[in-house]
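> Sharing target.pdb (PDB, C-alpha atoms and all ligand atoms) below.
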```pdb
ATOM      1  CA  MET D1169     128.784 -11.237 -51.508
ATOM      2  CA  GLU D1170     131.115  -8.377 -50.690
ATOM      3  CA  LEU D1171     130.847  -7.194 -47.078
ATOM      4  CA  ASP D1172     129.421  -3.786 -48.079
ATOM      5  CA  GLU D1173     126.748  -5.530 -50.134
ATOM      6  CA  VAL D1174     125.781  -7.830 -47.244
ATOM      7  CA  ILE D1175     125.565  -4.840 -44.903
ATOM      8  CA  ALA D1176     123.404  -2.937 -47.391
ATOM      9  CA  LYS D1177     121.129  -5.912 -48.110
ATOM     10  CA  ARG D1178     120.428  -7.056 -44.534
ATOM     11  CA  ARG D1179     117.050  -5.874 -43.257
ATOM     12  CA  SER D1180     114.847  -6.721 -40.328
ATOM     13  CA  VAL D1181     112.222  -8.939 -41.933
ATOM     14  CA  ARG D1182     108.705  -9.165 -40.471
ATOM     15  CA  GLN D1183     106.977 -11.543 -42.940
ATOM     16  CA  TYR D1184     108.301 -15.035 -43.532
ATOM     17  CA  ASN D1185     107.690 -17.822 -46.037
ATOM     18  CA  PRO D1186     106.222 -20.855 -44.213
ATOM     19  CA  HIS D1187     107.291 -23.178 -47.045
ATOM     20  CA  LYS D1188     111.029 -22.507 -46.966
ATOM     21  CA  GLN D1189     113.006 -23.776 -44.004
ATOM     22  CA  VAL D1190     116.407 -22.898 -42.567
ATOM     23  CA  SER D1191     118.282 -26.114 -41.743
ATOM     24  CA  LYS D1192     120.082 -27.061 -38.532
ATOM     25  CA  GLU D1193     123.341 -27.131 -40.540
ATOM     26  CA  ASP D1194     122.708 -23.501 -41.608
ATOM     27  CA  VAL D1195     122.129 -22.498 -37.983
ATOM     28  CA  ILE D1196     125.400 -24.142 -36.927
ATOM     29  CA  LYS D1197     127.273 -22.209 -39.666
ATOM     30  CA  ILE D1198     125.642 -18.954 -38.536
ATOM     31  CA  ILE D1199     126.488 -19.497 -34.861
ATOM     32  CA  GLN D1200     130.052 -20.459 -35.786
ATOM     33  CA  ALA D1201     130.365 -17.083 -37.546
ATOM     34  CA  ALA D1202     128.972 -15.337 -34.442
ATOM     35  CA  GLN D1203     131.646 -17.105 -32.370
ATOM     36  CA  GLN D1204     134.329 -15.320 -34.387
ATOM     37  CA  ALA D1205     133.296 -11.948 -32.927
ATOM     38  CA  PRO D1206     135.695 -10.392 -30.422
ATOM     39  CA  SER D1207     134.829 -10.783 -26.745
ATOM     40  CA  TRP D1208     136.223  -9.640 -23.403
ATOM     41  CA  LYS D1209     139.401 -11.723 -22.811
ATOM     42  CA  ASN D1210     137.971 -14.102 -25.406
ATOM     43  CA  SER D1211     135.501 -15.148 -22.713
ATOM     44  CA  GLN D1212     132.792 -16.094 -25.283
ATOM     45  CA  THR D1213     129.957 -15.938 -22.791
ATOM     46  CA  GLY D1214     127.159 -15.868 -25.405
ATOM     47  CA  ARG D1215     124.780 -18.845 -25.411
ATOM     48  CA  TYR D1216     122.126 -19.823 -27.981
ATOM     49  CA  TYR D1217     119.007 -21.942 -27.795
ATOM     50  CA  ALA D1218     117.919 -22.848 -31.337
ATOM     51  CA  ILE D1219     114.197 -23.591 -31.355
ATOM     52  CA  PHE D1220     112.844 -25.753 -34.185
ATOM     53  CA  GLY D1221     109.540 -27.514 -34.822
ATOM     54  CA  GLU D1222     105.973 -26.241 -34.776
ATOM     55  CA  LYS D1223     105.212 -27.104 -31.140
ATOM     56  CA  LYS D1224     108.416 -25.748 -29.604
ATOM     57  CA  LEU D1225     108.252 -22.628 -31.779
ATOM     58  CA  ALA D1226     104.700 -21.953 -30.585
ATOM     59  CA  THR D1227     105.816 -22.263 -26.939
ATOM     60  CA  VAL D1228     108.636 -19.779 -27.428
ATOM     61  CA  ARG D1229     106.556 -17.386 -29.547
ATOM     62  CA  ASP D1230     104.163 -17.297 -26.632
ATOM     63  CA  CYS D1231     106.963 -15.569 -24.658
ATOM     64  CA  LEU D1232     106.982 -12.634 -27.114
ATOM     65  CA  VAL D1233     104.761  -9.561 -27.050
ATOM     66  CA  PRO D1234     101.746  -9.961 -29.418
ATOM     67  CA  GLN D1235     103.320  -7.709 -32.060
ATOM     68  CA  ASN D1236     106.420  -9.937 -32.165
ATOM     69  CA  GLN D1237     104.304 -13.096 -32.195
ATOM     70  CA  ARG D1238     102.858 -11.797 -35.452
ATOM     71  CA  VAL D1239     106.292 -10.879 -36.814
ATOM     72  CA  SER D1240     107.656 -14.374 -36.089
ATOM     73  CA  GLN D1241     104.597 -16.262 -37.359
ATOM     74  CA  ASP D1242     106.253 -18.314 -40.105
ATOM     75  CA  VAL D1243     109.920 -18.298 -39.146
ATOM     76  CA  SER D1244     111.988 -21.486 -39.396
ATOM     77  CA  VAL D1245     113.905 -21.076 -36.183
ATOM     78  CA  LEU D1246     114.032 -18.816 -33.148
ATOM     79  CA  LEU D1247     117.360 -18.246 -31.429
ATOM     80  CA  VAL D1248     116.992 -17.343 -27.782
ATOM     81  CA  THR D1249     120.211 -15.591 -26.824
ATOM     82  CA  SER D1250     121.797 -15.210 -23.417
ATOM     83  CA  TYR D1251     125.184 -14.840 -21.784
ATOM     84  CA  LYS D1252     126.878 -16.225 -18.685
ATOM     85  CA  LYS D1253     126.861 -13.387 -16.161
ATOM     86  CA  ASP D1254     129.709 -12.004 -14.038
ATOM     87  CA  ILE D1255     132.482 -13.182 -16.433
ATOM     88  CA  SER D1256     132.855 -10.684 -19.283
ATOM     89  CA  GLY D1257     133.985  -7.435 -17.636
ATOM     90  CA  PHE D1258     134.923  -9.224 -14.403
ATOM     91  CA  THR D1259     138.179 -10.379 -12.768
ATOM     92  CA  ASN D1260     138.827 -14.083 -12.156
ATOM     93  CA  GLU D1261     137.750 -13.399  -8.568
ATOM     94  CA  GLY D1262     134.383 -12.133  -9.804
ATOM     95  CA  ARG D1263     134.922  -8.399  -9.237
ATOM     96  CA  ALA D1264     133.599  -5.981 -11.865
ATOM     97  CA  GLU D1265     136.543  -4.355 -13.666
ATOM     98  CA  ASN D1266     134.665  -1.095 -14.085
ATOM     99  CA  GLU D1267     131.280   0.607 -13.880
ATOM    100  CA  LEU D1268     129.775  -1.301 -16.804
ATOM    101  CA  GLY D1269     129.730  -4.647 -14.986
ATOM    102  CA  ASN D1270     127.598  -7.086 -16.955
ATOM    103  CA  GLY D1271     127.140  -4.395 -19.609
ATOM    104  CA  TRP D1272     130.261  -5.948 -21.177
ATOM    105  CA  GLY D1273     128.521  -9.308 -21.474
ATOM    106  CA  SER D1274     125.692  -7.597 -23.331
ATOM    107  CA  TYR D1275     128.280  -5.794 -25.463
ATOM    108  CA  ASP D1276     129.930  -9.103 -26.436
ATOM    109  CA  LEU D1277     126.568 -10.700 -27.199
ATOM    110  CA  GLY D1278     125.592  -7.699 -29.336
ATOM    111  CA  LEU D1279     128.810  -8.041 -31.323
ATOM    112  CA  GLN D1280     128.013 -11.708 -31.880
ATOM    113  CA  ALA D1281     124.489 -10.754 -32.966
ATOM    114  CA  GLY D1282     125.989  -8.396 -35.561
ATOM    115  CA  TYR D1283     128.113 -11.185 -37.005
ATOM    116  CA  LEU D1284     125.149 -13.565 -36.786
ATOM    117  CA  VAL D1285     122.707 -11.482 -38.809
ATOM    118  CA  LEU D1286     125.357 -10.579 -41.392
ATOM    119  CA  LYS D1287     126.413 -14.214 -41.853
ATOM    120  CA  ALA D1288     122.741 -15.152 -42.244
ATOM    121  CA  ALA D1289     122.260 -12.360 -44.814
ATOM    122  CA  ASP D1290     125.321 -13.587 -46.725
ATOM    123  CA  MET D1291     123.694 -17.032 -46.878
ATOM    124  CA  GLY D1292     120.455 -15.454 -48.180
ATOM    125  CA  ILE D1293     118.716 -16.032 -44.838
ATOM    126  CA  ASP D1294     116.597 -13.243 -43.354
ATOM    127  CA  SER D1295     116.431 -12.318 -39.699
ATOM    128  CA  ILE D1296     115.006 -10.022 -37.087
ATOM    129  CA  ILE D1297     116.254  -9.301 -33.581
ATOM    130  CA  LEU D1298     113.407  -9.149 -31.063
ATOM    131  CA  GLY D1299     113.919  -7.347 -27.770
ATOM    132  CA  LEU D1300     110.283  -7.286 -26.659
ATOM    133  CA  ARG D1301     109.989 -10.635 -24.904
ATOM    134  CA  ASP D1302     109.280 -12.035 -21.450
ATOM    135  CA  ALA D1303     112.651 -13.249 -20.105
ATOM    136  CA  ASP D1304     111.127 -14.964 -17.046
ATOM    137  CA  LYS D1305     108.802 -16.995 -19.233
ATOM    138  CA  LEU D1306     111.637 -17.913 -21.603
ATOM    139  CA  ARG D1307     113.762 -19.016 -18.645
ATOM    140  CA  GLU D1308     110.962 -21.218 -17.412
ATOM    141  CA  VAL D1309     110.025 -22.910 -20.701
ATOM    142  CA  LEU D1310     113.649 -23.482 -21.767
ATOM    143  CA  GLU D1311     114.931 -24.204 -18.241
ATOM    144  CA  ILE D1312     117.694 -21.620 -18.606
ATOM    145  CA  ALA D1313     119.987 -21.486 -15.570
ATOM    146  CA  GLN D1314     119.996 -18.396 -13.335
ATOM    147  CA  ASP D1315     123.670 -17.685 -14.150
ATOM    148  CA  GLU D1316     122.644 -16.722 -17.704
ATOM    149  CA  ILE D1317     121.205 -13.317 -18.544
ATOM    150  CA  ILE D1318     118.561 -13.694 -21.252
ATOM    151  CA  VAL D1319     118.758 -11.003 -23.925
ATOM    152  CA  SER D1320     117.135 -11.201 -27.367
ATOM    153  CA  VAL D1321     115.201 -13.647 -29.475
ATOM    154  CA  ILE D1322     116.496 -13.717 -33.048
ATOM    155  CA  ALA D1323     114.213 -15.088 -35.736
ATOM    156  CA  LEU D1324     115.629 -16.672 -38.885
ATOM    157  CA  GLY D1325     113.801 -17.613 -42.062
ATOM    158  CA  TYR D1326     113.168 -16.650 -45.648
ATOM    159  CA  ARG D1327     111.128 -13.557 -46.397
ATOM    160  CA  SER D1328     107.748 -13.750 -48.099
ATOM    161  CA  GLN D1329     107.793 -10.029 -48.847
ATOM    162  CA  GLY D1330     109.829  -8.432 -51.614
ATOM    163  CA  GLU D1331     112.325  -5.609 -51.406
ATOM    164  CA  ILE D1332     112.236  -3.744 -48.062
ATOM    165  CA  THR D1333     113.070  -0.044 -47.975
ATOM    166  CA  ALA D1334     115.941   0.577 -45.592
ATOM    167  CA  PRO D1335     114.842   2.607 -42.558
ATOM    168  CA  LYS D1336     116.584   5.972 -42.707
ATOM    169  CA  ARG D1337     119.818   6.374 -40.749
ATOM    170  CA  LYS D1338     120.858   9.544 -38.920
ATOM    171  CA  GLU D1339     123.273  11.936 -40.609
ATOM    172  CA  ILE D1340     126.868  10.890 -39.974
ATOM    173  CA  THR D1341     127.564  14.292 -38.402
ATOM    174  CA  GLU D1342     124.968  13.528 -35.718
ATOM    175  CA  ILE D1343     126.694  10.358 -34.559
ATOM    176  CA  LEU D1344     130.365  10.937 -35.366
ATOM    177  CA  LYS D1345     132.537  13.603 -33.850
ATOM    178  CA  ILE D1346     136.037  13.642 -35.309
ATOM    179  CA  VAL D1347     138.533  14.829 -32.731
ATOM    180  CA  GLU D1348     142.067  15.759 -33.834
TER     181      GLU D1348
HETATM  182  C1  LIG D1401     118.293  -4.787 -29.676
HETATM  183  C2  LIG D1401     117.210  -4.764 -30.720
HETATM  184  C3  LIG D1401     115.895  -5.026 -30.361
HETATM  185  C4  LIG D1401     114.890  -5.045 -31.326
HETATM  186  N1  LIG D1401     113.613  -5.390 -30.960
HETATM  187  C5  LIG D1401     112.643  -5.464 -31.905
HETATM  188  C6  LIG D1401     111.348  -5.919 -31.553
HETATM  189  O1  LIG D1401     111.068  -6.283 -30.410
HETATM  190  N2  LIG D1401     110.413  -5.967 -32.539
HETATM  191  C7  LIG D1401     110.683  -5.600 -33.833
HETATM  192  O2  LIG D1401     109.781  -5.672 -34.682
HETATM  193  N3  LIG D1401     111.925  -5.167 -34.194
HETATM  194  C8  LIG D1401     112.909  -5.111 -33.272
HETATM  195  N4  LIG D1401     114.180  -4.727 -33.631
HETATM  196  C9  LIG D1401     114.480  -4.407 -35.043
HETATM  197  C10 LIG D1401     114.693  -2.889 -35.251
HETATM  198  O3  LIG D1401     113.447  -2.258 -35.203
HETATM  199  C11 LIG D1401     115.410  -2.668 -36.590
HETATM  200  O4  LIG D1401     116.706  -3.217 -36.525
HETATM  201  C12 LIG D1401     115.527  -1.182 -36.945
HETATM  202  O5  LIG D1401     114.254  -0.608 -37.164
HETATM  203  C13 LIG D1401     116.375  -0.924 -38.190
HETATM  204  O6  LIG D1401     115.882  -1.657 -39.290
HETATM  205  P1  LIG D1401     116.844  -2.662 -40.077
HETATM  206  O7  LIG D1401     117.240  -3.761 -39.112
HETATM  207  O8  LIG D1401     116.046  -3.211 -41.236
HETATM  208  O9  LIG D1401     118.042  -1.913 -40.527
HETATM  209  C14 LIG D1401     115.197  -4.728 -32.676
HETATM  210  C15 LIG D1401     116.534  -4.490 -33.030
HETATM  211  C16 LIG D1401     117.530  -4.526 -32.082
HETATM  212  C17 LIG D1401     118.981  -4.323 -32.509
END
```
Would you encode the structure as structure tokens?


Amino acid sequence: MELDEVIAKRRSVRQYNPHKQVSKEDVIKIIQAAQQAPSWKNSQTGRYYAIFGEKKLATVRDCLVPQNQRVSQDVSVLLVTSYKKDISGFTNEGRAENELGNGWGSYDLGLQAGYLVLKAADMGIDSIILGLRDADKLREVLEIAQDEIIVSVIALGYRSQGEITAPKRKEITEILKIVE
């Protein structure tokens, strides 16, 4: 697909087909695309935990708010995303380069997430980024080290619903100020 078409077609999907699975090979391809995103000094601090299998998926879904447990009911895989803290946006001595501090790590991870969902869409795989989750619980069940900041859970699968109307975007004049 052309890039514009992928961008237009990607939607946050909230109903998945339990009979169609995303493979581990697909997930590797998607994460490899995410790795191509730019990052602070190429620090690549994003980390991914790819959760497969009924039992493990149920454990991780339990770390989501009820509304997101429903949304992720029949997904093939959940990607718990995190980043190594105090690296992106920091000097080699561990001093924050500016006021954003670990905000840059989140920025890098967000860029990767953009690549990730677009690569998935290009492969015909649907996704949704879930921010409403319990990070402490996720850390405990996945034994995620304290030097990683847990961010989103991204669900991947194949939709069971048909065409989804794109949520309306703001007028360009509201978000873009051209200065010359
Ligand atoms: C950082 C972030 C957190 C989000 N968290 C949730 C969430 O917890 N639950 C949910 O249903 N959707 C969540 N979404 C999906 C947004 O609601 C969705 O992207 C937005 O409504 C635009 O729709 P679209 O993705 O189809 O363009 C999240 C999206 C982002 C980028």

> Taking every listed atom of ligand LIG 1401 (chain D) and adding 5 Å to each side, what centre and edge lengths in Å (one decimal) does the axis-aligned box have, as JSON?


```
{"center_x": 114.4, "center_y": -3.4, "center_z": -35.5, "size_x": 19.2, "size_y": 15.7, "size_z": 21.6}
```

> May I have the residues within 7 Å of ligand LIG 1401 (chain D), computed using all atoms listed in the file, as a list of chain:residue names?

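Checked against 7 Å with all atoms listed in the file; the hits are D:Arg1178, D:Arg1179, D:Ser1180, D:Val1181, D:Arg1182, D:Asn1236, D:Val1239, D:Ile1296, D:Ile1297, D:Leu1298, D:Gly1299, D:Leu1300, D:Ser1320, D:Ala1334, D:Pro1335.
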
> If the PyMOL selection byres (((chain D and resi 1216-1223) around 6) and not hetatm) were run on this exact file, what residues would it hold? Put them as a PyMOL selection string.

chain D and resi 1215+1224-1226+1245-1249

> I'd like the interatomic distance between atom CA of D:Ser1250 and atom CA of D:Ile1318, to a tenth of an Å.

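It comes out at 4.2 Å.
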
> Select, from D:Leu1284, D:Ala1323, D:Ile1317, D:Met1169, the residue with the minimum atom-to-atom distance to D:Gln1203, counting all atoms listed in the file.

D:Leu1284

> For the file shown, what are the residues hit by the PyMOL selection byres (((chain D and resi 1328) around 10) and not hetatm), laid out as a PDB file with C-alpha atoms, in the coordinates of the input?


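The resulting file, out_29.pdb, is shown below:
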```
ATOM      1  CA  VAL D1181     112.222  -8.939 -41.933  1.00  0.00           C
ATOM      2  CA  ARG D1182     108.705  -9.165 -40.471  1.00  0.00           C
ATOM      3  CA  GLN D1183     106.977 -11.543 -42.940  1.00  0.00           C
ATOM      4  CA  TYR D1184     108.301 -15.035 -43.532  1.00  0.00           C
ATOM      5  CA  ASN D1185     107.690 -17.822 -46.037  1.00  0.00           C
ATOM      6  CA  PRO D1186     106.222 -20.855 -44.213  1.00  0.00           C
ATOM      7  CA  HIS D1187     107.291 -23.178 -47.045  1.00  0.00           C
ATOM      8  CA  LYS D1188     111.029 -22.507 -46.966  1.00  0.00           C
ATOM      9  CA  ASP D1242     106.253 -18.314 -40.105  1.00  0.00           C
ATOM     10  CA  GLY D1325     113.801 -17.613 -42.062  1.00  0.00           C
ATOM     11  CA  TYR D1326     113.168 -16.650 -45.648  1.00  0.00           C
ATOM     12  CA  ARG D1327     111.128 -13.557 -46.397  1.00  0.00           C
ATOM     13  CA  GLN D1329     107.793 -10.029 -48.847  1.00  0.00           C
ATOM     14  CA  GLY D1330     109.829  -8.432 -51.614  1.00  0.00           C
ATOM     15  CA  GLU D1331     112.325  -5.609 -51.406  1.00  0.00           C
TER      16      GLU D1331
END
```

> Could you work out how far atom CA of D:Glu1348 lies from atom CA of D:Lys1209, giving the answer in Å with one decimal?

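Rounded to one decimal, the two atoms are 29.7 Å apart.
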
> With distances taken over only C-alpha atoms, which of D:Asp1290, D:Asp1302, D:Ile1322, D:Val1309 is nearest to D:Glu1170?

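Nearest candidate to D:Glu1170 out of D:Asp1290, D:Asp1302, D:Ile1322, D:Val1309: D:Asp1290.
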
> One decimal, Å: what's the distance from atom CA of D:Gln1204 over to atom CA of D:Lys1177, could you say?

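These two atoms are separated by 21.2 Å.
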
> Given the file above and the PyMOL selection byres (((chain D and resi 1256) around 8) and not hetatm), which residues are selected, and can you give them as a PyMOL selection string?

chain D and resi 1207-1209+1211+1213+1253-1255+1257-1258+1270+1272-1273+1276

> My list of candidates is D:Ala1201, D:Ser1191, D:Glu1267, D:Leu1171. Which is closest to D:Tyr1283 when distances are computed with only C-alpha atoms?

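Of all the options, D:Ala1201 lies closest to D:Tyr1283.
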
> Which one is closest to D:Ser1244: D:Leu1286, D:Val1195, D:Leu1306, D:Leu1268? Count all atoms listed in the file.

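Ranking D:Leu1286, D:Val1195, D:Leu1306, D:Leu1268 by distance to D:Ser1244, first place goes to D:Val1195.
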
> Which residue out of D:Leu1344, D:Ala1176, D:Ile1196, D:Cys1231 has the minimum interatomic distance to D:Leu1310 when all atoms listed in the file are used?

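That would be D:Cys1231, the residue with the smallest distance to D:Leu1310.
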
> For each of D:Thr1341, D:Ser1240, D:Gln1280, D:Thr1333, take the minimum atom-to-atom distance to D:Val1321, counting all atoms listed in the file, then give the residue where this is smallest.

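Once distances to D:Val1321 are computed over all atoms listed in the file, the minimum belongs to D:Ser1240.
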